[in-house]
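Here's the structure we're looking at; comments come further down.
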Amino acid sequence: MEILTNTNTKTPKKNLKSPSPWVIARRKFVKNKLAMISLVFLLIVALLSFLAPFITTKDIVRVDFMNISKEPSGANWLGTDTNGRDVFTRMLYAGKSSLTVGISAMFFITLIGTTVGSIAGYFGGRVDRLLMRFTDFILNFPFLVFVIVLNTILVGKVSGLWTLIAVICLLSWGGVARIVRSRILAEKENEYILAAVSIGSKPSKVIIKHLLPNVASTIIVQATLIMAVMIVAESALSFLGFGVPVDTPSWGNMLAEARDSDVLRNKTWMWVPPATAITLVILSINFIGEGLKDALNPKSRR
C-alpha cells in the first residue's frame, strides 16, 4: 500500500507594501496624546473665533456708558470693559484677529523664506552669495523697532490688520531662508538629485518635485513655531499700542486694559481671559510643533 506524504507547501505571502514616511509620521503624531489634545483645543478656539458673528450679536465697538466695568453675570459672561463692551464677545472677535495674524504671517513668511532658501541652496555660487547677503541685511534689522516704524508709516494706507501682517512678514523670513538653504545644500548632493539634473530636468522641477518634499518636515515644524511667535509678537505690539488698530479687537488690545493699575488689581475679568487665551494657544501650538518634530524625525520612527 502506497503511503501518500503531504508536502508542506507554504502559500507565498503577498508582497505587503510598506507604509510611506508620511503615513508613519501621521500614525506617530496621532499616538501623541498631548499633541492631539492641543490640536483639538486649537481647532475649537479657531472655530469659535471665526464663527463669532454667528455665536454672539453684541456690538464690539459701541460704547455703553450704562454697563461700564460690570462684573461677570448672566447677561455678560465675562463682564464688561471700561467702555461697557462685552468681554466675551470681544474675546471671540479678538481671537479671529490674533489667529489671522498668526496664520497669515506663518504662511507668507514660510513661503518667502522657502523660496529664497531653495533658490540660494540649489544654485549656489553668486546667486547664493547675493541672496544670503540680502538675508543678512534683513536679519540685521531690529525687529521691534522697524515693525513699529513701518506700521506707523503705512497705517491708514492699507487695512490696519493687513498692514501689520505685511510689515511682520517683510522682516521675519530670514531665519526660514537660512534653515531651508542649509537643508537644500545637504540634500542636493544625493544621487537621486544628481540623476535628475543629469537627465536635463529643469531647476524648478528638481526643487519642487525632488528637493522640497524631502525637506518638508523641517519646513512644517518651523511653520508651527513661527505661528506661535507671530501671535506673541502681535499681542506685544498691540499691548504697546503699535499693533492692530484699537478699533479692531485683538488679545493684545484687550491686554492693554491692564496698563491701568486699577484694572490690573481690581478688575481682573478684563485682562485674565485674553492672557489665558494667549498662554493656552501658544502652549498648544508648541505642543503640536513638538509632536510634529517627533513624528517627522526618521530616527524616532518605529
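In the C-alpha cells, chains take the letters A, B, ... in the order shown, each chain's residues start at 1, and ligands count up from 1 in the order shown.
The strand (DSSP E or B) portion of stretch 31-246 of chain A consists of Thr80, Asp86, Val155 and Val158 of chain A, with states taken from DSSP on the backbone.
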Emit the selected residues as an mmCIF file, in the first residue's frame, including all heavy atoms.
```cif
data_model
loop_
_atom_site.group_PDB
_atom_site.id
_atom_site.type_symbol
_atom_site.label_atom_id
_atom_site.label_comp_id
_atom_site.auth_asym_id
_atom_site.auth_seq_id
_atom_site.Cartn_x
_atom_site.Cartn_y
_atom_site.Cartn_z
ATOM 1 N N THR A 80 -17.862 93.286 31.529
ATOM 2 C CA THR A 80 -17.678 94.316 30.503
ATOM 3 C C THR A 80 -16.390 95.084 30.781
ATOM 4 O O THR A 80 -15.865 95.065 31.893
ATOM 5 C CB THR A 80 -18.865 95.295 30.480
ATOM 6 O OG1 THR A 80 -18.960 95.954 31.754
ATOM 7 C CG2 THR A 80 -20.172 94.564 30.196
ATOM 8 N N ASP A 86 -18.972 94.034 25.912
ATOM 9 C CA ASP A 86 -18.968 92.675 26.448
ATOM 10 C C ASP A 86 -17.612 92.008 26.211
ATOM 11 O O ASP A 86 -17.145 91.908 25.065
ATOM 12 C CB ASP A 86 -20.078 91.861 25.771
ATOM 13 C CG ASP A 86 -20.181 90.455 26.334
ATOM 14 O OD1 ASP A 86 -20.465 90.313 27.534
ATOM 15 O OD2 ASP A 86 -19.957 89.499 25.573
ATOM 16 N N VAL A 155 0.173 102.879 8.271
ATOM 17 C CA VAL A 155 -1.181 102.810 8.798
ATOM 18 C C VAL A 155 -2.076 103.834 8.101
ATOM 19 O O VAL A 155 -1.669 104.958 7.823
ATOM 20 C CB VAL A 155 -1.192 103.045 10.324
ATOM 21 C CG1 VAL A 155 -0.880 104.490 10.672
ATOM 22 C CG2 VAL A 155 -2.531 102.633 10.918
ATOM 23 N N VAL A 158 -3.400 101.046 4.113
ATOM 24 C CA VAL A 158 -3.960 99.713 3.926
ATOM 25 C C VAL A 158 -4.734 99.381 5.197
ATOM 26 O O VAL A 158 -4.572 100.039 6.219
ATOM 27 C CB VAL A 158 -2.837 98.667 3.692
ATOM 28 C CG1 VAL A 158 -3.423 97.367 3.150
ATOM 29 C CG2 VAL A 158 -1.788 99.187 2.729
#
```
How close does stretch 17-129 of chain A get to stretch 236-258 of chain A? List, as a Markdown table, each residue of stretch 17-129 of chain A within 9 Å, its nearest atom pair and the distance in Å to one decimal, counting only C-alpha atoms.
```
| residue | atom | partner | partner_atom | distance |
| --- | --- | --- | --- | --- |
| A:Ile60 | CA | A:Pro249 | CA | 7.7 |
| A:Val61 | CA | A:Asp247 | CA | 6.9 |
| A:Asp81 | CA | A:Glu257 | CA | 8.2 |
| A:Thr82 | CA | A:Glu257 | CA | 8.1 |
| A:Val87 | CA | A:Met254 | CA | 8.7 |
| A:Arg90 | CA | A:Pro249 | CA | 6.2 |
| A:Met91 | CA | A:Trp251 | CA | 7.0 |
| A:Leu92 | CA | A:Pro249 | CA | 8.9 |
| A:Tyr93 | CA | A:Pro249 | CA | 6.2 |
| A:Ala94 | CA | A:Ser250 | CA | 3.6 |
| A:Gly95 | CA | A:Ser250 | CA | 6.3 |
| A:Lys96 | CA | A:Ser250 | CA | 7.7 |
| A:Ser97 | CA | A:Ser250 | CA | 5.5 |
| A:Ser98 | CA | A:Ser250 | CA | 5.7 |
```
Next, dump the selected residues to file, keeping only all heavy atoms, as a short mmCIF file (atom, residue, chain, number, x, y, z; two decimals), in the first residue's frame.
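Saved as result-v8.cif:
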```cif
data_model
loop_
_atom_site.label_atom_id
_atom_site.label_comp_id
_atom_site.auth_asym_id
_atom_site.auth_seq_id
_atom_site.Cartn_x
_atom_site.Cartn_y
_atom_site.Cartn_z
N ILE A 60 -19.25 95.09 19.27
CA ILE A 60 -17.89 95.09 19.83
C ILE A 60 -17.25 96.47 19.81
O ILE A 60 -16.13 96.65 20.29
CB ILE A 60 -16.97 94.12 19.04
CG1 ILE A 60 -16.91 94.52 17.56
CG2 ILE A 60 -17.44 92.69 19.20
CD1 ILE A 60 -15.88 93.76 16.76
N VAL A 61 -17.95 97.45 19.25
CA VAL A 61 -17.38 98.79 19.10
C VAL A 61 -18.14 99.83 19.92
O VAL A 61 -17.54 100.70 20.55
CB VAL A 61 -17.37 99.21 17.60
CG1 VAL A 61 -16.84 100.63 17.46
CG2 VAL A 61 -16.54 98.24 16.78
N ASP A 81 -15.90 95.78 29.75
CA ASP A 81 -14.65 96.52 29.90
C ASP A 81 -14.94 97.97 30.30
O ASP A 81 -16.07 98.33 30.63
CB ASP A 81 -13.81 96.43 28.63
CG ASP A 81 -14.52 97.06 27.43
OD1 ASP A 81 -15.57 97.72 27.63
OD2 ASP A 81 -14.03 96.88 26.30
N THR A 82 -13.91 98.80 30.25
CA THR A 82 -14.04 100.19 30.70
C THR A 82 -14.89 101.03 29.75
O THR A 82 -15.18 102.19 30.05
CB THR A 82 -12.64 100.83 30.82
OG1 THR A 82 -11.91 100.63 29.60
CG2 THR A 82 -11.87 100.21 31.97
N VAL A 87 -16.97 91.54 27.28
CA VAL A 87 -15.63 90.96 27.19
C VAL A 87 -15.65 89.63 26.43
O VAL A 87 -14.75 89.35 25.63
CB VAL A 87 -15.02 90.76 28.60
CG1 VAL A 87 -13.69 90.01 28.52
CG2 VAL A 87 -14.81 92.11 29.27
N ARG A 90 -15.87 90.32 22.72
CA ARG A 90 -14.58 90.83 22.23
C ARG A 90 -13.52 89.73 22.22
O ARG A 90 -12.62 89.74 21.38
CB ARG A 90 -14.14 92.02 23.08
CG ARG A 90 -14.93 93.28 22.78
CD ARG A 90 -14.49 94.44 23.66
NE ARG A 90 -13.09 94.80 23.44
CZ ARG A 90 -12.65 95.54 22.43
NH1 ARG A 90 -13.51 95.99 21.51
NH2 ARG A 90 -11.39 95.85 22.32
N MET A 91 -13.60 88.80 23.16
CA MET A 91 -12.66 87.67 23.19
C MET A 91 -12.74 86.86 21.89
O MET A 91 -11.73 86.47 21.32
CB MET A 91 -12.96 86.77 24.38
CG MET A 91 -12.29 87.17 25.67
SD MET A 91 -10.53 86.79 25.68
CE MET A 91 -10.59 85.00 25.58
N LEU A 92 -13.98 86.61 21.44
CA LEU A 92 -14.16 85.82 20.22
C LEU A 92 -13.62 86.56 19.01
O LEU A 92 -12.87 86.00 18.19
CB LEU A 92 -15.64 85.48 20.03
CG LEU A 92 -16.29 84.59 21.09
CD1 LEU A 92 -17.75 84.33 20.73
CD2 LEU A 92 -15.54 83.26 21.21
N TYR A 93 -14.00 87.83 18.87
CA TYR A 93 -13.53 88.62 17.72
C TYR A 93 -12.02 88.87 17.81
O TYR A 93 -11.33 88.92 16.78
CB TYR A 93 -14.27 89.95 17.65
CG TYR A 93 -15.65 89.84 17.04
CD1 TYR A 93 -16.77 89.60 17.84
CD2 TYR A 93 -15.84 89.96 15.66
CE1 TYR A 93 -18.04 89.49 17.29
CE2 TYR A 93 -17.10 89.86 15.10
CZ TYR A 93 -18.20 89.62 15.92
OH TYR A 93 -19.45 89.51 15.36
N ALA A 94 -11.52 89.03 19.02
CA ALA A 94 -10.07 89.22 19.20
C ALA A 94 -9.31 87.98 18.78
O ALA A 94 -8.23 88.06 18.19
CB ALA A 94 -9.77 89.56 20.66
N GLY A 95 -9.87 86.80 19.09
CA GLY A 95 -9.23 85.56 18.66
C GLY A 95 -9.13 85.49 17.14
O GLY A 95 -8.12 85.01 16.60
N LYS A 96 -10.16 85.95 16.46
CA LYS A 96 -10.13 85.96 14.99
C LYS A 96 -8.99 86.84 14.48
O LYS A 96 -8.24 86.45 13.58
CB LYS A 96 -11.46 86.47 14.45
CG LYS A 96 -11.54 86.53 12.94
CD LYS A 96 -12.89 87.05 12.47
CE LYS A 96 -12.94 87.15 10.96
NZ LYS A 96 -14.25 87.68 10.49
N SER A 97 -8.82 88.02 15.08
CA SER A 97 -7.75 88.93 14.65
C SER A 97 -6.37 88.34 14.93
O SER A 97 -5.50 88.34 14.06
CB SER A 97 -7.90 90.28 15.37
OG SER A 97 -9.13 90.89 15.06
N SER A 98 -6.18 87.84 16.16
CA SER A 98 -4.86 87.32 16.54
C SER A 98 -4.50 86.08 15.74
O SER A 98 -3.36 85.92 15.29
CB SER A 98 -4.84 87.00 18.04
OG SER A 98 -5.01 88.17 18.80
#
```
Exercise. Which one of A:Gly74, A:Gly79, A:Gly174, A:Gly102 sits closest to A:Phe137 if you count only C-alpha atoms?
Worked result: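 Nearest candidate to A:Phe137 out of A:Gly74, A:Gly79, A:Gly174, A:Gly102: A:Gly174.
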Exercise. Separation of atom CA of A:Ile44 and atom CA of A:Ile226, in Å?
Worked result: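 One can read the atom CA of A:Ile44 to atom CA of A:Ile226 distance as 20.3 Å.
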Exercise. Hey, what's within 9 Å of A:Leu170 if we count only C-alpha atoms and toss same-chain stuff fewer than 5 positions away? As a VMD selection string, please?
Worked result: chain A and resid 109 138 165
For this session: Can you work out which one of A:Ser69, A:Ala233, A:Ala75, A:Val23 has the shortest atom-to-atom distance to A:Asp262, counting only C-alpha atoms?
Result: A:Ser69
Exercise. If you measure from atom CA of A:Trp22 to atom CA of A:Ile207, what distance in Å do you get, rounded to one decimal?
Worked result: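 Going from atom CA of A:Trp22 over to atom CA of A:Ile207 covers 19.2 Å.
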Exercise. Taking the backbone alone, and naming residues the way the document does, which bits of stretch 45-92 of chain A are alpha helix (DSSP H) by DSSP, as a PyMOL selection string?
Worked result: chain A and resi 45-50+52-55+87-92
Exercise. At what distance in Å, to one decimal, does atom CA of A:Ile168 lie from atom CA of A:Ala295?
Worked result: 29.4 Å
Exercise. Within 8 Å of A:Val180, counting only C-alpha atoms, which residues qualify if same-chain residues fewer than 5 places away don't, as a ChimeraX atom specification?
Worked result: /A:113-114,117-118,121,215,218-219
For this session: Extract, using only C-alpha atoms, all DNA, RNA and protein residues at most 10 Å from A:Leu150, discarding same-chain residues fewer than 3 positions from it, and format them as a ChimeraX atom specification.
Result: /A:145-147,153-155,163-164,166-168,242
For this session: Would you mind listing what lies within 7 Å of A:Ser38 as a PyMOL selection string, with only C-alpha atoms counted and same-chain residues fewer than 2 positions away left out?
Result: chain A and resi 34-36+40-42+284+287-288
Could you take the residues named above and write them with N, CA and C atoms, as a PDB file, in the first residue's frame?
```pdb
ATOM      1  N   LEU A  34      -0.705  64.409  23.934  1.00  0.00           N
ATOM      2  CA  LEU A  34      -0.597  65.834  24.236  1.00  0.00           C
ATOM      3  C   LEU A  34      -0.735  66.673  22.968  1.00  0.00           C
ATOM      4  N   ALA A  35      -0.104  66.215  21.882  1.00  0.00           N
ATOM      5  CA  ALA A  35      -0.202  66.939  20.611  1.00  0.00           C
ATOM      6  C   ALA A  35      -1.619  66.909  20.074  1.00  0.00           C
ATOM      7  N   MET A  36      -2.310  65.778  20.188  1.00  0.00           N
ATOM      8  CA  MET A  36      -3.681  65.664  19.694  1.00  0.00           C
ATOM      9  C   MET A  36      -4.646  66.519  20.508  1.00  0.00           C
ATOM     10  N   VAL A  40      -6.852  69.594  18.961  1.00  0.00           N
ATOM     11  CA  VAL A  40      -8.305  69.720  19.134  1.00  0.00           C
ATOM     12  C   VAL A  40      -8.655  71.058  19.794  1.00  0.00           C
ATOM     13  N   PHE A  41      -7.893  71.422  20.826  1.00  0.00           N
ATOM     14  CA  PHE A  41      -8.139  72.697  21.515  1.00  0.00           C
ATOM     15  C   PHE A  41      -7.964  73.871  20.560  1.00  0.00           C
ATOM     16  N   LEU A  42      -6.893  73.841  19.766  1.00  0.00           N
ATOM     17  CA  LEU A  42      -6.627  74.933  18.831  1.00  0.00           C
ATOM     18  C   LEU A  42      -7.721  75.031  17.772  1.00  0.00           C
ATOM     19  N   SER A 284      -0.400  75.252  23.118  1.00  0.00           N
ATOM     20  CA  SER A 284      -0.950  74.256  22.192  1.00  0.00           C
ATOM     21  C   SER A 284      -0.139  74.186  20.908  1.00  0.00           C
ATOM     22  N   PHE A 287       3.162  72.464  21.611  1.00  0.00           N
ATOM     23  CA  PHE A 287       2.994  71.020  21.774  1.00  0.00           C
ATOM     24  C   PHE A 287       2.760  70.346  20.423  1.00  0.00           C
ATOM     25  N   ILE A 288       1.999  71.004  19.555  1.00  0.00           N
ATOM     26  CA  ILE A 288       1.778  70.469  18.208  1.00  0.00           C
ATOM     27  C   ILE A 288       3.091  70.433  17.442  1.00  0.00           C
TER      28      ILE A 288
END
```
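Using only C-alpha atoms, the smallest distance between any of A:Ala105, A:Val176, A:Ala277, A:Ile68 and A:Asn83 comes from A:Ile68.
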Problem set entry | Residue among A:Val281, A:Met132, A:Ala25, A:Leu194 lying closest to A:Gly175, counting only C-alpha atoms |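 Closest to A:Gly175, using only C-alpha atoms: A:Met132.
Remark: for A:Ile119, the closest of the candidate residues A:Ile55, A:Ile103, A:Leu211, A:Ile148 is A:Leu211 (distances computed over only C-alpha atoms).
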For this session: Within 12 Å of A:His210, counting only C-alpha atoms, which residues show up once you throw out same-chain ones fewer than 5 positions away? Write them as a PyMOL selection string, please.
Result: chain A and resi 118+122+184+187-188+190-197+201-205+215-216
For those residues, write C-alpha atoms to a file as a PDB file, in the first residue's frame.
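See out38.pdb below for the written result:
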```
ATOM      1  CA  SER A 118      15.604  76.907  -2.065  1.00  0.00           C
ATOM      2  CA  TYR A 122      20.179  74.874  -5.246  1.00  0.00           C
ATOM      3  CA  ILE A 184      18.832  72.067   0.384  1.00  0.00           C
ATOM      4  CA  GLU A 187      20.031  67.250   0.095  1.00  0.00           C
ATOM      5  CA  LYS A 188      21.140  68.244  -3.405  1.00  0.00           C
ATOM      6  CA  ASN A 190      22.274  62.913  -3.033  1.00  0.00           C
ATOM      7  CA  GLU A 191      22.386  60.608  -6.048  1.00  0.00           C
ATOM      8  CA  TYR A 192      18.732  60.955  -6.993  1.00  0.00           C
ATOM      9  CA  ILE A 193      19.164  64.725  -7.339  1.00  0.00           C
ATOM     10  CA  LEU A 194      22.322  64.316  -9.417  1.00  0.00           C
ATOM     11  CA  ALA A 195      20.458  61.830 -11.601  1.00  0.00           C
ATOM     12  CA  ALA A 196      17.556  64.233 -12.103  1.00  0.00           C
ATOM     13  CA  VAL A 197      19.963  67.001 -13.093  1.00  0.00           C
ATOM     14  CA  SER A 201      15.326  68.243 -15.511  1.00  0.00           C
ATOM     15  CA  LYS A 202      14.568  71.919 -15.093  1.00  0.00           C
ATOM     16  CA  PRO A 203      15.782  73.535 -11.862  1.00  0.00           C
ATOM     17  CA  SER A 204      12.212  74.433 -10.893  1.00  0.00           C
ATOM     18  CA  LYS A 205      11.136  70.807 -11.323  1.00  0.00           C
ATOM     19  CA  VAL A 215      12.883  68.956   3.437  1.00  0.00           C
ATOM     20  CA  ALA A 216       9.141  69.454   4.045  1.00  0.00           C
TER      21      ALA A 216
END
```
